[in-house]
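Asks: Hey, dropping structure-v4.cif in here, mmCIF, C-alpha atoms:
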```
data_work
loop_
_atom_site.group_PDB
_atom_site.id
_atom_site.type_symbol
_atom_site.label_atom_id
_atom_site.label_comp_id
_atom_site.auth_asym_id
_atom_site.auth_seq_id
_atom_site.Cartn_x
_atom_site.Cartn_y
_atom_site.Cartn_z
ATOM 1 C CA MET A 45 0.000 0.000 0.000
ATOM 2 C CA SER A 46 1.477 3.335 -0.954
ATOM 3 C CA THR A 47 0.768 6.534 0.898
ATOM 4 C CA SER A 48 0.743 9.925 -0.736
ATOM 5 C CA SER A 49 4.118 11.507 -0.378
ATOM 6 C CA ILE A 50 4.345 14.543 1.870
ATOM 7 C CA ASP A 51 7.475 16.541 2.573
ATOM 8 C CA LEU A 52 7.652 18.317 5.919
ATOM 9 C CA THR A 53 11.207 19.613 5.423
ATOM 10 C CA ASN A 54 11.554 23.207 6.717
ATOM 11 C CA GLN A 55 8.271 22.926 8.638
ATOM 12 C CA PHE A 56 7.418 22.935 12.324
ATOM 13 C CA LEU A 57 5.835 19.849 13.821
ATOM 14 C CA ILE A 58 3.688 21.000 16.732
ATOM 15 C CA ALA A 59 2.637 18.369 19.262
ATOM 16 C CA MET A 60 -1.106 18.168 19.799
ATOM 17 C CA PRO A 61 -2.386 18.328 23.395
ATOM 18 C CA GLY A 62 -2.573 14.829 24.808
ATOM 19 C CA MET A 63 0.613 13.680 23.027
ATOM 20 C CA ALA A 64 1.164 10.310 24.707
ATOM 21 C CA ASP A 65 4.946 10.351 24.353
ATOM 22 C CA ASP A 66 6.372 12.471 27.202
ATOM 23 C CA ALA A 67 9.520 13.120 25.141
ATOM 24 C CA PHE A 68 7.390 15.121 22.704
ATOM 25 C CA ALA A 69 4.532 16.542 24.806
ATOM 26 C CA GLY A 70 4.342 20.314 24.232
ATOM 27 C CA SER A 71 7.111 20.213 21.629
ATOM 28 C CA VAL A 72 7.789 22.285 18.575
ATOM 29 C CA ILE A 73 10.177 20.484 16.222
ATOM 30 C CA TYR A 74 12.035 22.041 13.306
ATOM 31 C CA MET A 75 12.087 19.462 10.506
ATOM 32 C CA CYS A 76 15.555 19.277 8.945
ATOM 33 C CA GLU A 77 14.791 16.387 6.604
ATOM 34 C CA HIS A 78 11.764 14.342 5.541
ATOM 35 C CA ASN A 79 11.770 11.869 2.689
ATOM 36 C CA GLU A 80 10.797 8.287 1.835
ATOM 37 C CA LYS A 81 13.520 6.954 4.186
ATOM 38 C CA GLY A 82 12.197 8.788 7.238
ATOM 39 C CA ALA A 83 12.454 12.110 9.018
ATOM 40 C CA LEU A 84 14.842 14.074 11.241
ATOM 41 C CA GLY A 85 14.065 17.139 13.319
ATOM 42 C CA LEU A 86 15.207 19.125 16.359
ATOM 43 C CA VAL A 87 13.014 20.166 19.295
ATOM 44 C CA ILE A 88 13.374 23.959 19.621
ATOM 45 C CA ASN A 89 11.509 24.654 22.871
ATOM 46 C CA LYS A 90 12.885 22.299 25.550
ATOM 47 C CA PRO A 91 16.029 23.698 27.177
ATOM 48 C CA ILE A 92 18.128 21.427 29.389
ATOM 49 C CA SER A 93 20.213 22.447 32.399
ATOM 50 C CA LEU A 94 23.382 22.833 30.310
ATOM 51 C CA THR A 95 24.447 26.232 28.925
ATOM 52 C CA LEU A 96 26.519 26.765 25.786
ATOM 53 C CA GLY A 97 29.363 27.894 28.055
ATOM 54 C CA ASN A 98 29.219 24.544 29.909
ATOM 55 C CA LEU A 99 29.072 22.648 26.626
ATOM 56 C CA PHE A 100 32.088 24.487 25.217
ATOM 57 C CA GLU A 101 34.057 23.691 28.398
ATOM 58 C CA LYS A 102 33.217 19.990 27.951
ATOM 59 C CA VAL A 103 34.614 20.009 24.405
ATOM 60 C CA GLU A 104 37.621 22.085 25.519
ATOM 61 C CA LEU A 105 36.796 25.242 23.607
ATOM 62 C CA SER A 106 36.450 28.769 24.940
ATOM 63 C CA LEU A 107 33.368 30.886 24.355
ATOM 64 C CA ASP A 108 34.169 34.539 25.020
ATOM 65 C CA ASP A 109 30.742 35.844 23.937
ATOM 66 C CA LEU A 110 29.148 36.006 27.396
ATOM 67 C CA GLU A 111 25.619 36.456 26.072
ATOM 68 C CA MET A 112 25.989 33.338 23.942
ATOM 69 C CA ALA A 113 27.661 31.411 26.785
ATOM 70 C CA GLU A 114 24.538 31.903 28.931
ATOM 71 C CA ARG A 115 22.166 30.491 26.298
ATOM 72 C CA PRO A 116 20.702 27.085 27.058
ATOM 73 C CA VAL A 117 21.419 23.890 25.173
ATOM 74 C CA PHE A 118 18.198 22.174 24.079
ATOM 75 C CA TYR A 119 16.860 18.638 24.178
ATOM 76 C CA GLY A 120 16.707 17.946 20.453
ATOM 77 C CA GLY A 121 15.033 14.578 20.808
ATOM 78 C CA PRO A 122 15.587 11.074 22.138
ATOM 79 C CA VAL A 123 18.090 9.844 19.492
ATOM 80 C CA GLN A 124 21.869 10.198 20.040
ATOM 81 C CA THR A 125 21.438 12.417 23.107
ATOM 82 C CA GLU A 126 25.212 12.559 23.650
ATOM 83 C CA ARG A 127 25.748 14.172 20.239
ATOM 84 C CA GLY A 128 25.488 17.890 19.465
ATOM 85 C CA PHE A 129 23.452 19.406 16.651
ATOM 86 C CA VAL A 130 23.764 23.080 15.700
ATOM 87 C CA LEU A 131 20.796 24.644 13.921
ATOM 88 C CA HIS A 132 21.824 27.928 12.295
ATOM 89 C CA GLU A 133 21.076 30.380 9.538
ATOM 90 C CA PRO A 134 22.809 29.722 6.214
ATOM 91 C CA LEU A 135 26.314 31.105 6.009
ATOM 92 C CA ASP A 136 26.414 34.281 3.961
ATOM 93 C CA ASP A 137 29.912 33.872 2.547
ATOM 94 C CA ALA A 138 30.170 32.474 -0.989
ATOM 95 C CA GLY A 139 28.191 29.336 -0.256
ATOM 96 C CA GLY A 140 30.640 27.831 2.216
ATOM 97 C CA HIS A 141 29.583 25.152 4.675
ATOM 98 C CA TYR A 142 30.975 23.372 7.682
ATOM 99 C CA ASN A 143 32.245 19.798 7.321
ATOM 100 C CA ALA A 144 29.027 17.986 8.268
ATOM 101 C CA THR A 145 26.164 20.277 7.316
ATOM 102 C CA LEU A 146 22.689 19.399 6.167
ATOM 103 C CA VAL A 147 21.329 22.272 4.092
ATOM 104 C CA VAL A 148 17.558 22.410 4.483
ATOM 105 C CA PRO A 149 16.089 23.499 1.124
ATOM 106 C CA GLY A 150 14.587 26.965 1.586
ATOM 107 C CA GLY A 151 15.418 26.882 5.264
ATOM 108 C CA LEU A 152 18.203 26.706 7.807
ATOM 109 C CA GLU A 153 21.318 24.571 8.114
ATOM 110 C CA MET A 154 22.068 21.853 10.661
ATOM 111 C CA THR A 155 25.702 21.085 11.412
ATOM 112 C CA THR A 156 27.096 18.215 13.483
ATOM 113 C CA SER A 157 30.846 18.763 13.013
ATOM 114 C CA ARG A 158 33.168 20.367 15.554
ATOM 115 C CA ASP A 159 34.260 23.090 13.111
ATOM 116 C CA VAL A 160 31.038 25.068 13.690
ATOM 117 C CA LEU A 161 31.812 25.118 17.449
ATOM 118 C CA GLU A 162 35.379 26.206 16.717
ATOM 119 C CA ALA A 163 34.044 29.037 14.539
ATOM 120 C CA LEU A 164 31.663 30.109 17.337
ATOM 121 C CA SER A 165 34.564 29.956 19.791
ATOM 122 C CA ASN A 166 36.569 32.305 17.553
ATOM 123 C CA GLY A 167 33.643 34.696 17.175
ATOM 124 C CA ALA A 168 33.380 33.855 13.478
ATOM 125 C CA GLY A 169 30.489 31.406 13.495
ATOM 126 C CA PRO A 170 26.858 31.955 12.620
ATOM 127 C CA LYS A 171 25.213 34.649 14.743
ATOM 128 C CA ARG A 172 21.848 32.916 15.122
ATOM 129 C CA VAL A 173 22.229 29.396 16.489
ATOM 130 C CA LEU A 174 20.297 26.850 18.511
ATOM 131 C CA VAL A 175 22.319 23.946 19.889
ATOM 132 C CA THR A 176 20.722 20.642 20.861
ATOM 133 C CA LEU A 177 21.856 17.365 22.307
ATOM 134 C CA GLY A 178 20.067 14.588 20.456
ATOM 135 C CA TYR A 179 17.577 14.672 17.645
ATOM 136 C CA SER A 180 14.101 13.442 16.814
ATOM 137 C CA GLY A 181 13.947 10.707 14.215
ATOM 138 C CA TRP A 182 11.260 8.677 12.499
ATOM 139 C CA ALA A 183 11.567 5.567 10.332
ATOM 140 C CA ALA A 184 9.973 5.451 6.883
ATOM 141 C CA GLY A 185 6.228 6.005 7.186
ATOM 142 C CA GLN A 186 6.288 6.436 10.983
ATOM 143 C CA LEU A 187 5.724 10.193 11.012
ATOM 144 C CA GLU A 188 2.933 9.913 8.416
ATOM 145 C CA GLU A 189 1.231 7.384 10.699
ATOM 146 C CA GLU A 190 1.504 9.748 13.694
ATOM 147 C CA LEU A 191 0.055 12.581 11.582
ATOM 148 C CA GLY A 192 -2.841 10.311 10.646
ATOM 149 C CA ARG A 193 -3.526 9.693 14.339
ATOM 150 C CA ASN A 194 -3.825 13.452 14.967
ATOM 151 C CA GLY A 195 -0.519 13.587 16.868
ATOM 152 C CA TRP A 196 0.928 16.652 15.191
ATOM 153 C CA LEU A 197 0.039 19.881 13.444
ATOM 154 C CA THR A 198 2.384 21.173 10.749
ATOM 155 C CA VAL A 199 3.171 24.641 9.462
ATOM 156 C CA ARG A 200 5.983 26.262 7.476
ATOM 157 C CA ALA A 201 8.800 27.098 9.883
ATOM 158 C CA ALA A 202 9.529 30.700 10.882
ATOM 159 C CA PRO A 203 13.171 31.275 11.899
ATOM 160 C CA GLU A 204 12.173 34.185 14.185
ATOM 161 C CA ILE A 205 10.338 31.699 16.426
ATOM 162 C CA ILE A 206 13.510 29.610 16.728
ATOM 163 C CA PHE A 207 15.960 32.456 17.278
ATOM 164 C CA ASP A 208 14.057 35.513 18.539
ATOM 165 C CA THR A 209 11.049 34.241 20.513
ATOM 166 C CA PRO A 210 11.336 33.561 24.255
ATOM 167 C CA ILE A 211 11.429 29.795 24.814
ATOM 168 C CA GLU A 212 8.216 29.689 26.843
ATOM 169 C CA GLU A 213 6.313 31.386 23.981
ATOM 170 C CA ARG A 214 7.524 29.225 21.085
ATOM 171 C CA TYR A 215 4.721 26.616 21.253
ATOM 172 C CA GLU A 216 1.969 29.224 21.268
ATOM 173 C CA ARG A 217 3.671 31.331 18.570
ATOM 174 C CA ALA A 218 4.096 28.269 16.322
ATOM 175 C CA LEU A 219 0.387 27.509 16.735
ATOM 176 C CA GLY A 220 -0.299 31.160 15.958
ATOM 177 C CA LEU A 221 1.236 30.643 12.499
ATOM 178 C CA LEU A 222 -1.805 28.440 11.859
ATOM 179 C CA GLY A 223 -4.203 30.890 13.498
ATOM 180 C CA VAL A 224 -4.817 28.368 16.274
ATOM 181 C CA ASP A 225 -5.419 29.214 19.928
ATOM 182 C CA PRO A 226 -3.969 26.375 22.064
ATOM 183 C CA ARG A 227 -7.010 26.487 24.362
ATOM 184 C CA MET A 228 -9.252 25.540 21.436
ATOM 185 C CA LEU A 229 -7.428 22.290 20.580
ATOM 186 C CA SER A 230 -9.019 18.930 21.314
ATOM 187 C CA GLN A 231 -7.143 15.731 22.047
ATOM 188 C CA GLU A 232 -9.639 13.743 19.985
ATOM 189 C CA ALA A 233 -9.182 12.920 16.319
ATOM 190 C CA GLY A 234 -12.213 13.540 14.151
ATOM 191 C CA HIS A 235 -13.544 10.512 12.273
ATOM 192 C CA ALA A 236 -16.509 10.538 9.915
#
```
Could I get this structure in the form of structure tokens?

Replies:
Amino acid sequence: MSTSSIDLTNQFLIAMPGMADDAFAGSVIYMCEHNEKGALGLVINKPISLTLGNLFEKVELSLDDLEMAERPVFYGGPVQTERGFVLHEPLDDAGGHYNATLVVPGGLEMTTSRDVLEALSNGAGPKRVLVTLGYSGWAAGQLEEELGRNGWLTVRAAPEIIFDTPIEERYERALGLLGVDPRMLSQEAGHA
């Protein structure tokens, strides 16, 4: 049985109220990749107790930008939680990239190589970044199944929600892109 192909790359996945999986309850996820093999995204609204300054110390790099050093690291999802993922705006120099960068068509970039941290340490990295430990991943067809069960809402991603919106407002602001008031959402799926 084939399902119609949807591509949620460069979209937000917004957890519906009543999301059974505690790892994703109340989450907004930026979708970095979605294709027939599966999907990969980063939760953008669940900070952990680690700051970027702490993280840089752990990888033996300095971070002299005090404002950046105080920023939280985020829980990106339950997969590879010991690994760092850096979500950032595209580099504006002549199309250069870091060693391990996924370029999201029409969207942001996600880098997993140490060179982006080294650039941030030297003050030369991207200015708008969100760093996570771990990512959210789905096998082929798994995310489509969750969408069919009314688990998620989707909307085109807005970088200002990721980088400029206070963390505690990101869920509501993402819903606002759809014109949805969170108090009006039901946990029940509609079936005819």

Asks: Tell me, in Å to one decimal, how far CA of Ser165 in chain A is from CA of His132 in chain A.

Replies: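 CA of His132 in chain A lies at a distance of 14.9 Å from CA of Ser165 in chain A.
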
Asks: Within 8 Å of Leu94 in chain A, counting all atoms listed in the file, which residues qualify if same-chain residues fewer than 3 places away don't, as a list in words?

Replies: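 Contacts, in chain order: Asn98, Leu99, Pro116 and Val117 of chain A.
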
Asks: So what does the PyMOL selection byres ((chain A and resi 58-72) around 6) actually pick up in this one, as an mmCIF file with C-alpha atoms, keeping the file's coordinate frame?

Replies:
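Written output follows (expr-v4.cif):
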```cif
data_model
loop_
_atom_site.group_PDB
_atom_site.id
_atom_site.type_symbol
_atom_site.label_atom_id
_atom_site.label_comp_id
_atom_site.auth_asym_id
_atom_site.auth_seq_id
_atom_site.Cartn_x
_atom_site.Cartn_y
_atom_site.Cartn_z
ATOM 1 C CA LEU A 57 5.835 19.849 13.821
ATOM 2 C CA ILE A 73 10.177 20.484 16.222
ATOM 3 C CA VAL A 87 13.014 20.166 19.295
ATOM 4 C CA ILE A 88 13.374 23.959 19.621
ATOM 5 C CA GLY A 195 -0.519 13.587 16.868
ATOM 6 C CA TRP A 196 0.928 16.652 15.191
ATOM 7 C CA LEU A 197 0.039 19.881 13.444
ATOM 8 C CA TYR A 215 4.721 26.616 21.253
ATOM 9 C CA GLN A 231 -7.143 15.731 22.047
#
```

Asks: In Å to one decimal, how far is CA of Ile92 in chain A from CA of Ser106 in chain A?

Replies: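 Computing it gives 20.2 Å between the two atoms.
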
Asks: Grab the CA of Thr145 in chain A to CA of Arg127 in chain A distance for me, in Å with one decimal place.

Replies: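 So the two atoms, CA of Thr145 in chain A and CA of Arg127 in chain A, lie 14.3 Å apart.
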
Asks: Mind telling me what the PyMOL selection byres ((chain A and resi 204-207) around 8) catches here, as JSON, numbers by chain?

Replies: {"A": [88, 172, 173, 174, 202, 203, 208, 209, 214, 217, 218]}

Asks: What lies within 7 Å of range 175-190 of chain A using all atoms listed in the file, ignoring chain neighbours under 2 positions off, as a list in words?

Replies: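 Everything that qualifies: Glu80, Lys81, Gly82, Ala83, Leu84, Gly85, Leu86, Val117, Phe118, Tyr119, Gly120, Gly121, Pro122, Val123, Gln124, Thr125, Glu126, Arg127, Gly128, Phe129, Val130, Leu131, Val173, Gly192, Arg193, Asn194 and Gly195 of chain A.
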
Asks: Just C-alpha atoms for this one: save the residues we selected as a PDB file, in the coordinates of the input.

Replies:
```
ATOM      1  CA  GLU A  80      10.797   8.287   1.835  1.00  0.00           C
ATOM      2  CA  LYS A  81      13.520   6.954   4.186  1.00  0.00           C
ATOM      3  CA  GLY A  82      12.197   8.788   7.238  1.00  0.00           C
ATOM      4  CA  ALA A  83      12.454  12.110   9.018  1.00  0.00           C
ATOM      5  CA  LEU A  84      14.842  14.074  11.241  1.00  0.00           C
ATOM      6  CA  GLY A  85      14.065  17.139  13.319  1.00  0.00           C
ATOM      7  CA  LEU A  86      15.207  19.125  16.359  1.00  0.00           C
ATOM      8  CA  VAL A 117      21.419  23.890  25.173  1.00  0.00           C
ATOM      9  CA  PHE A 118      18.198  22.174  24.079  1.00  0.00           C
ATOM     10  CA  TYR A 119      16.860  18.638  24.178  1.00  0.00           C
ATOM     11  CA  GLY A 120      16.707  17.946  20.453  1.00  0.00           C
ATOM     12  CA  GLY A 121      15.033  14.578  20.808  1.00  0.00           C
ATOM     13  CA  PRO A 122      15.587  11.074  22.138  1.00  0.00           C
ATOM     14  CA  VAL A 123      18.090   9.844  19.492  1.00  0.00           C
ATOM     15  CA  GLN A 124      21.869  10.198  20.040  1.00  0.00           C
ATOM     16  CA  THR A 125      21.438  12.417  23.107  1.00  0.00           C
ATOM     17  CA  GLU A 126      25.212  12.559  23.650  1.00  0.00           C
ATOM     18  CA  ARG A 127      25.748  14.172  20.239  1.00  0.00           C
ATOM     19  CA  GLY A 128      25.488  17.890  19.465  1.00  0.00           C
ATOM     20  CA  PHE A 129      23.452  19.406  16.651  1.00  0.00           C
ATOM     21  CA  VAL A 130      23.764  23.080  15.700  1.00  0.00           C
ATOM     22  CA  LEU A 131      20.796  24.644  13.921  1.00  0.00           C
ATOM     23  CA  VAL A 173      22.229  29.396  16.489  1.00  0.00           C
ATOM     24  CA  GLY A 192      -2.841  10.311  10.646  1.00  0.00           C
ATOM     25  CA  ARG A 193      -3.526   9.693  14.339  1.00  0.00           C
ATOM     26  CA  ASN A 194      -3.825  13.452  14.967  1.00  0.00           C
ATOM     27  CA  GLY A 195      -0.519  13.587  16.868  1.00  0.00           C
TER      28      GLY A 195
END
```

Asks: Fewer than 4 positions away in the same chain doesn't count, so skip those; otherwise give me all residues within 8 Å of Ala113 in chain A, counting all atoms listed in the file, as a list in words.

Replies: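 So the residues in contact are Thr95, Leu96, Gly97, Asn98, Leu107, Asp108 and Asp109 of chain A.
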
Asks: Name the residues that the PyMOL selection byres ((chain A and resi 147) around 12) picks from the file above, as a list in words, using the file's chain letters and numbers.

Replies: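 Selected by the PyMOL selection byres ((chain A and resi 147) around 12) here: Thr53, Asn54, Met75, Cys76, Glu77, Val130, Leu131, His132, Glu133, Pro134, Leu135, Gly139, Gly140, His141, Tyr142, Asn143, Ala144, Thr145, Leu146, Val148, Pro149, Gly150, Gly151, Leu152, Glu153, Met154, Thr155 and Thr156 of chain A.
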
Asks: Those same residues, written as an mmCIF file, keeping the file's coordinate frame with C-alpha atoms?

Replies:
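And here's again.cif as it stands now:
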```
data_model
loop_
_atom_site.group_PDB
_atom_site.id
_atom_site.type_symbol
_atom_site.label_atom_id
_atom_site.label_comp_id
_atom_site.auth_asym_id
_atom_site.auth_seq_id
_atom_site.Cartn_x
_atom_site.Cartn_y
_atom_site.Cartn_z
ATOM 1 C CA THR A 53 11.207 19.613 5.423
ATOM 2 C CA ASN A 54 11.554 23.207 6.717
ATOM 3 C CA MET A 75 12.087 19.462 10.506
ATOM 4 C CA CYS A 76 15.555 19.277 8.945
ATOM 5 C CA GLU A 77 14.791 16.387 6.604
ATOM 6 C CA VAL A 130 23.764 23.080 15.700
ATOM 7 C CA LEU A 131 20.796 24.644 13.921
ATOM 8 C CA HIS A 132 21.824 27.928 12.295
ATOM 9 C CA GLU A 133 21.076 30.380 9.538
ATOM 10 C CA PRO A 134 22.809 29.722 6.214
ATOM 11 C CA LEU A 135 26.314 31.105 6.009
ATOM 12 C CA GLY A 139 28.191 29.336 -0.256
ATOM 13 C CA GLY A 140 30.640 27.831 2.216
ATOM 14 C CA HIS A 141 29.583 25.152 4.675
ATOM 15 C CA TYR A 142 30.975 23.372 7.682
ATOM 16 C CA ASN A 143 32.245 19.798 7.321
ATOM 17 C CA ALA A 144 29.027 17.986 8.268
ATOM 18 C CA THR A 145 26.164 20.277 7.316
ATOM 19 C CA LEU A 146 22.689 19.399 6.167
ATOM 20 C CA VAL A 148 17.558 22.410 4.483
ATOM 21 C CA PRO A 149 16.089 23.499 1.124
ATOM 22 C CA GLY A 150 14.587 26.965 1.586
ATOM 23 C CA GLY A 151 15.418 26.882 5.264
ATOM 24 C CA LEU A 152 18.203 26.706 7.807
ATOM 25 C CA GLU A 153 21.318 24.571 8.114
ATOM 26 C CA MET A 154 22.068 21.853 10.661
ATOM 27 C CA THR A 155 25.702 21.085 11.412
ATOM 28 C CA THR A 156 27.096 18.215 13.483
#
```

Asks: Would you give the centre and edge lengths, in Å to one decimal, of a box along x, y and z around the listed atoms of range 91-97 of chain A, with 4 Å added to each side, as lines of an AutoDock Vina configuration file?

Replies:
```
center_x = 22.7
center_y = 24.7
center_z = 29.1
size_x = 21.3
size_y = 14.5
size_z = 14.6
```

Asks: Which one of A:Arg158, A:Val103, A:Glu216, A:Met112 sits closest to Lys171 in chain A if you count only C-alpha atoms?

Replies: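 That would be A:Met112, the residue with the smallest distance to Lys171 in chain A.
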
Asks: Go through A:Lys102, A:Arg115, A:Lys90, A:Arg200 and flag the residue nearest Leu52 in chain A, using all atoms listed in the file for the distances.

Replies: A:Arg200

Asks: Go through A:Pro210, A:Ser157, A:Glu101, A:Gly169 and flag the residue nearest Asn89 in chain A, using all atoms listed in the file for the distances.

Replies: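 Under the stated criterion, the closest residue is A:Pro210.
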
Asks: Take range 158-171 of chain A, bring it up to N, CA and C atoms, and give me the output as a PDB file, keeping the file's coordinate frame.

Replies:
```pdb
ATOM      1  N   ARG A 158      32.542  19.507  14.555  1.00  0.00           N
ATOM      2  CA  ARG A 158      33.168  20.367  15.554  1.00  0.00           C
ATOM      3  C   ARG A 158      33.553  21.734  14.993  1.00  0.00           C
ATOM      4  N   ASP A 159      33.779  21.831  13.680  1.00  0.00           N
ATOM      5  CA  ASP A 159      34.260  23.090  13.111  1.00  0.00           C
ATOM      6  C   ASP A 159      33.284  24.250  13.332  1.00  0.00           C
ATOM      7  N   VAL A 160      31.980  23.976  13.419  1.00  0.00           N
ATOM      8  CA  VAL A 160      31.038  25.068  13.690  1.00  0.00           C
ATOM      9  C   VAL A 160      31.238  25.587  15.119  1.00  0.00           C
ATOM     10  N   LEU A 161      31.534  24.687  16.063  1.00  0.00           N
ATOM     11  CA  LEU A 161      31.812  25.118  17.449  1.00  0.00           C
ATOM     12  C   LEU A 161      33.107  25.912  17.514  1.00  0.00           C
ATOM     13  N   GLU A 162      34.109  25.475  16.758  1.00  0.00           N
ATOM     14  CA  GLU A 162      35.379  26.206  16.717  1.00  0.00           C
ATOM     15  C   GLU A 162      35.160  27.609  16.156  1.00  0.00           C
ATOM     16  N   ALA A 163      34.333  27.720  15.119  1.00  0.00           N
ATOM     17  CA  ALA A 163      34.044  29.037  14.539  1.00  0.00           C
ATOM     18  C   ALA A 163      33.326  29.918  15.562  1.00  0.00           C
ATOM     19  N   LEU A 164      32.357  29.347  16.292  1.00  0.00           N
ATOM     20  CA  LEU A 164      31.663  30.109  17.337  1.00  0.00           C
ATOM     21  C   LEU A 164      32.644  30.539  18.422  1.00  0.00           C
ATOM     22  N   SER A 165      33.558  29.661  18.772  1.00  0.00           N
ATOM     23  CA  SER A 165      34.564  29.956  19.791  1.00  0.00           C
ATOM     24  C   SER A 165      35.434  31.136  19.371  1.00  0.00           C
ATOM     25  N   ASN A 166      35.731  31.228  18.087  1.00  0.00           N
ATOM     26  CA  ASN A 166      36.569  32.305  17.553  1.00  0.00           C
ATOM     27  C   ASN A 166      35.781  33.561  17.221  1.00  0.00           C
ATOM     28  N   GLY A 167      34.475  33.540  17.473  1.00  0.00           N
ATOM     29  CA  GLY A 167      33.643  34.696  17.175  1.00  0.00           C
ATOM     30  C   GLY A 167      33.294  34.815  15.699  1.00  0.00           C
ATOM     31  N   ALA A 168      33.592  33.776  14.923  1.00  0.00           N
ATOM     32  CA  ALA A 168      33.380  33.855  13.478  1.00  0.00           C
ATOM     33  C   ALA A 168      32.206  33.000  13.006  1.00  0.00           C
ATOM     34  N   GLY A 169      31.561  32.313  13.894  1.00  0.00           N
ATOM     35  CA  GLY A 169      30.489  31.406  13.495  1.00  0.00           C
ATOM     36  C   GLY A 169      29.196  32.123  13.184  1.00  0.00           C
ATOM     37  N   PRO A 170      28.159  31.344  12.884  1.00  0.00           N
ATOM     38  CA  PRO A 170      26.858  31.955  12.620  1.00  0.00           C
ATOM     39  C   PRO A 170      26.368  32.711  13.854  1.00  0.00           C
ATOM     40  N   LYS A 171      25.679  33.815  13.624  1.00  0.00           N
ATOM     41  CA  LYS A 171      25.213  34.649  14.743  1.00  0.00           C
ATOM     42  C   LYS A 171      23.954  34.079  15.395  1.00  0.00           C
TER      43      LYS A 171
END
```
